[in-house]
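To keep things clear, I will list the structure first and then write my remarks on it.
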2 protein chains.
Amino acid sequence: MSRLEETRIAVVGGTGDLGFGLAVRLAKAYTVTIGSRDLARAADAAEKVSAVTRVRVEGKTNGEAAGGCDIAILAVPDLPSAELLSSLAGGLEEKLVISPIVPMVINDGIFSLSLSGGSAAERVAKALPKSHVAGAFHTVPASRLAQLGEELAYDVLVTADSREVYERAARVVSSVGELRPFYAGPLTVSRMVEGITPALLNVSRLNKLRSPSIRLV
Amino acid sequence: MSRLEETRIAVVGGTGDLGFGLAVRLAKAYTVTIGSRDLARAADAAEKVSAVTRVRVEGKTNGEAAGGCDIAILAVPDLPSAELLSSLAGGLEEKLVISPIVPMVINDGIFSLSLSGGSAAERVAKALPKSHVAGAFHTVPASRLAQLGEELAYDVLVTADSREVYERAARVVSSVGELRPFYAGPLTVSRMVEGITPALLNVSRLNKLRSPSIRLV
């Protein structure tokens, strides 16, 4: 794989486990910036990623990270607020925006999607009408992303409203370990794809499996 | 695996592809009856299964098949009608009823769940309140079930409202090829499990994969 350093990826909300794992993996091929509401936390997280990867990763506010990137990944733990999305909309115009978001609730130890209808990817697309939104990475366990020794031989279902946007997101997915992207259809089917994550979390808990992901066979 | 001949499985609505595939696989371990609205069609389908398996499989009306079984699988192509379910309710009291049903629509070539909320398994459980309902087999391609040479090294997510009902359904799943059952939680999460099937169908069509299933890794 050729080094894609000239492409800049912002991991927005990148101070959590998923953001750390994605940044660590992507820093090998892309120029990565970690965004956070809080600049000091972004800088801390970037320093940790730099220490692991020995590649310079910067920390910025979410707005600055979004404005200075070519591709943004919204690595936030839950549905981003309308305020956050509207503050990013200008900076993300005409850019690829990847949503790995799975909005979940847990009741009596059982995970479910928290949105009563629709999907996180559709909400993001609605709030960022001039961006090119794709859903991806939902079933890749953050804990495994963070362990660089894990080969990540998993399959990733990607939703996007055009094959061109899919192809761009698929290149990002393919750059991470052994992940294989598959086109799963337009954003309208994102709910079914996002729903695989709570299903896997339930399977994990009820069958004592550690961080399962999926492979198509 | 010990032969479970003494356990009688009715494949209700078993004249379609899924019913044929399940009957062919289950006839090796269980006494299988194929049910249909139409007795002649049931007898035809049973004869075909008997010819492939060299085990005697009977065809009966759905009502008779349900009344004379220990376990029923509702291998119908779409959500069964309220009339069908209420006609079966008495015969299926206290019995294990497995729903592999995934109610789908296709728009512009893209598959989606057709129920706006809830799941086929929950609908079945509501209509059969004295039965023990489990959801299973959703992601096992009918075309591969029917080919006895296919080892079926797939994983099957099973929903049920108790671990006891899960265990009973899991034994049926385990008797088919190399299928591995996993407990995915109560029937309330069936929608997420059922949604994996249209996602796989979209992936199949958009990436030119033949009848993909899944494996946990």
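We name chains A, B, ... following the order of the structure tokens; residues begin at 1 in each chain, and ligands are numbered from 1 as shown.
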Return as JSON lines the residues of chain B lying at most 10 Å from chain A, together with the closest atom-to-atom pair for each and the distance in Å to one decimal, counting only C-alpha atoms, with rows in chain order and ascending residue number.
{"residue": "B:Gly109", "atom": "CA", "partner": "A:Gly185", "partner_atom": "CA", "distance": 9.6}
{"residue": "B:Ile110", "atom": "CA", "partner": "A:Gly185", "partner_atom": "CA", "distance": 7.0}
{"residue": "B:Phe111", "atom": "CA", "partner": "A:Val189", "partner_atom": "CA", "distance": 8.1}
{"residue": "B:Ser112", "atom": "CA", "partner": "A:Val189", "partner_atom": "CA", "distance": 6.7}
{"residue": "B:Leu113", "atom": "CA", "partner": "A:Met192", "partner_atom": "CA", "distance": 8.3}
{"residue": "B:Ser116", "atom": "CA", "partner": "A:Gly117", "partner_atom": "CA", "distance": 8.3}
{"residue": "B:Gly117", "atom": "CA", "partner": "A:Gly117", "partner_atom": "CA", "distance": 8.1}
{"residue": "B:Leu152", "atom": "CA", "partner": "A:Val217", "partner_atom": "CA", "distance": 9.3}
{"residue": "B:Ala153", "atom": "CA", "partner": "A:Val217", "partner_atom": "CA", "distance": 8.1}
{"residue": "B:Tyr154", "atom": "CA", "partner": "A:Val217", "partner_atom": "CA", "distance": 7.2}
{"residue": "B:Asp155", "atom": "CA", "partner": "A:Ile214", "partner_atom": "CA", "distance": 9.6}
{"residue": "B:Leu157", "atom": "CA", "partner": "A:Val203", "partner_atom": "CA", "distance": 7.7}
{"residue": "B:Val158", "atom": "CA", "partner": "A:Val203", "partner_atom": "CA", "distance": 9.2}
{"residue": "B:Thr159", "atom": "CA", "partner": "A:Val203", "partner_atom": "CA", "distance": 10.0}
{"residue": "B:Arg163", "atom": "CA", "partner": "A:Leu206", "partner_atom": "CA", "distance": 9.5}
{"residue": "B:Pro181", "atom": "CA", "partner": "A:Asn207", "partner_atom": "CA", "distance": 9.9}
{"residue": "B:Phe182", "atom": "CA", "partner": "A:Val203", "partner_atom": "CA", "distance": 6.4}
{"residue": "B:Tyr183", "atom": "CA", "partner": "A:Val203", "partner_atom": "CA", "distance": 5.9}
{"residue": "B:Ala184", "atom": "CA", "partner": "A:Val203", "partner_atom": "CA", "distance": 4.7}
{"residue": "B:Gly185", "atom": "CA", "partner": "A:Asn202", "partner_atom": "CA", "distance": 6.3}
{"residue": "B:Pro186", "atom": "CA", "partner": "A:Ile110", "partner_atom": "CA", "distance": 8.3}
{"residue": "B:Thr188", "atom": "CA", "partner": "A:Ser112", "partner_atom": "CA", "distance": 8.8}
{"residue": "B:Val189", "atom": "CA", "partner": "A:Ser112", "partner_atom": "CA", "distance": 6.7}
{"residue": "B:Ser190", "atom": "CA", "partner": "A:Ala199", "partner_atom": "CA", "distance": 8.9}
{"residue": "B:Arg191", "atom": "CA", "partner": "A:Gly195", "partner_atom": "CA", "distance": 8.5}
{"residue": "B:Met192", "atom": "CA", "partner": "A:Gly195", "partner_atom": "CA", "distance": 5.0}
{"residue": "B:Val193", "atom": "CA", "partner": "A:Ala199", "partner_atom": "CA", "distance": 6.5}
{"residue": "B:Glu194", "atom": "CA", "partner": "A:Met192", "partner_atom": "CA", "distance": 8.7}
{"residue": "B:Gly195", "atom": "CA", "partner": "A:Met192", "partner_atom": "CA", "distance": 5.1}
{"residue": "B:Ile196", "atom": "CA", "partner": "A:Met192", "partner_atom": "CA", "distance": 6.4}
{"residue": "B:Thr197", "atom": "CA", "partner": "A:Met192", "partner_atom": "CA", "distance": 8.9}
{"residue": "B:Pro198", "atom": "CA", "partner": "A:Met192", "partner_atom": "CA", "distance": 7.8}
{"residue": "B:Ala199", "atom": "CA", "partner": "A:Ala184", "partner_atom": "CA", "distance": 6.3}
{"residue": "B:Leu200", "atom": "CA", "partner": "A:Ala184", "partner_atom": "CA", "distance": 7.6}
{"residue": "B:Leu201", "atom": "CA", "partner": "A:Ala184", "partner_atom": "CA", "distance": 8.6}
{"residue": "B:Asn202", "atom": "CA", "partner": "A:Ala184", "partner_atom": "CA", "distance": 5.5}
{"residue": "B:Val203", "atom": "CA", "partner": "A:Ala184", "partner_atom": "CA", "distance": 4.7}
{"residue": "B:Ser204", "atom": "CA", "partner": "A:Ala184", "partner_atom": "CA", "distance": 8.4}
{"residue": "B:Arg205", "atom": "CA", "partner": "A:Ala184", "partner_atom": "CA", "distance": 8.9}
{"residue": "B:Leu206", "atom": "CA", "partner": "A:Tyr183", "partner_atom": "CA", "distance": 6.2}
{"residue": "B:Asn207", "atom": "CA", "partner": "A:Tyr183", "partner_atom": "CA", "distance": 6.5}
{"residue": "B:Leu209", "atom": "CA", "partner": "A:Leu216", "partner_atom": "CA", "distance": 9.4}
{"residue": "B:Arg210", "atom": "CA", "partner": "A:Val217", "partner_atom": "CA", "distance": 9.6}
{"residue": "B:Ser211", "atom": "CA", "partner": "A:Val217", "partner_atom": "CA", "distance": 8.7}
{"residue": "B:Pro212", "atom": "CA", "partner": "A:Val217", "partner_atom": "CA", "distance": 5.5}
{"residue": "B:Ser213", "atom": "CA", "partner": "A:Val217", "partner_atom": "CA", "distance": 5.3}
{"residue": "B:Ile214", "atom": "CA", "partner": "A:Leu216", "partner_atom": "CA", "distance": 4.6}
{"residue": "B:Arg215", "atom": "CA", "partner": "A:Arg215", "partner_atom": "CA", "distance": 5.3}
{"residue": "B:Leu216", "atom": "CA", "partner": "A:Ile214", "partner_atom": "CA", "distance": 4.6}
{"residue": "B:Val217", "atom": "CA", "partner": "A:Ser213", "partner_atom": "CA", "distance": 5.3}
Legend entry - Shell around A:Ile34 at 12 Å using only C-alpha atoms, local window under 6 positions removed, as a PyMOL selection string: chain A and resi 8-16+18-24+26-27+40-50+56-66+68-69+72-76
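With distances taken over only C-alpha atoms, A:Glu6 is the one residue among A:Asp17, A:Glu94, A:Glu6, A:Asp78 lying closest to A:Tyr30.
Backbone DSSP over stretch 65-177 of chain B gives strand (DSSP E or B) for Ile71, Ala72, Ile73, Leu74, Leu96, Val97, Ile98, Ser99, Met104, Val105, Ile106, Asn107, Ile110, Phe111, Ser112, Leu113, His132, Val133, Ala134, Gly135, Asp155, Val156, Leu157, Val158, Thr159 and Ala160 of chain B.
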Legend entry - alpha helix (DSSP H) per DSSP on the backbone: members of stretch 75-202 of chain B, as a ChimeraX atom specification: /B:82-89,120-127,142-145,163-174,190-194,196-202
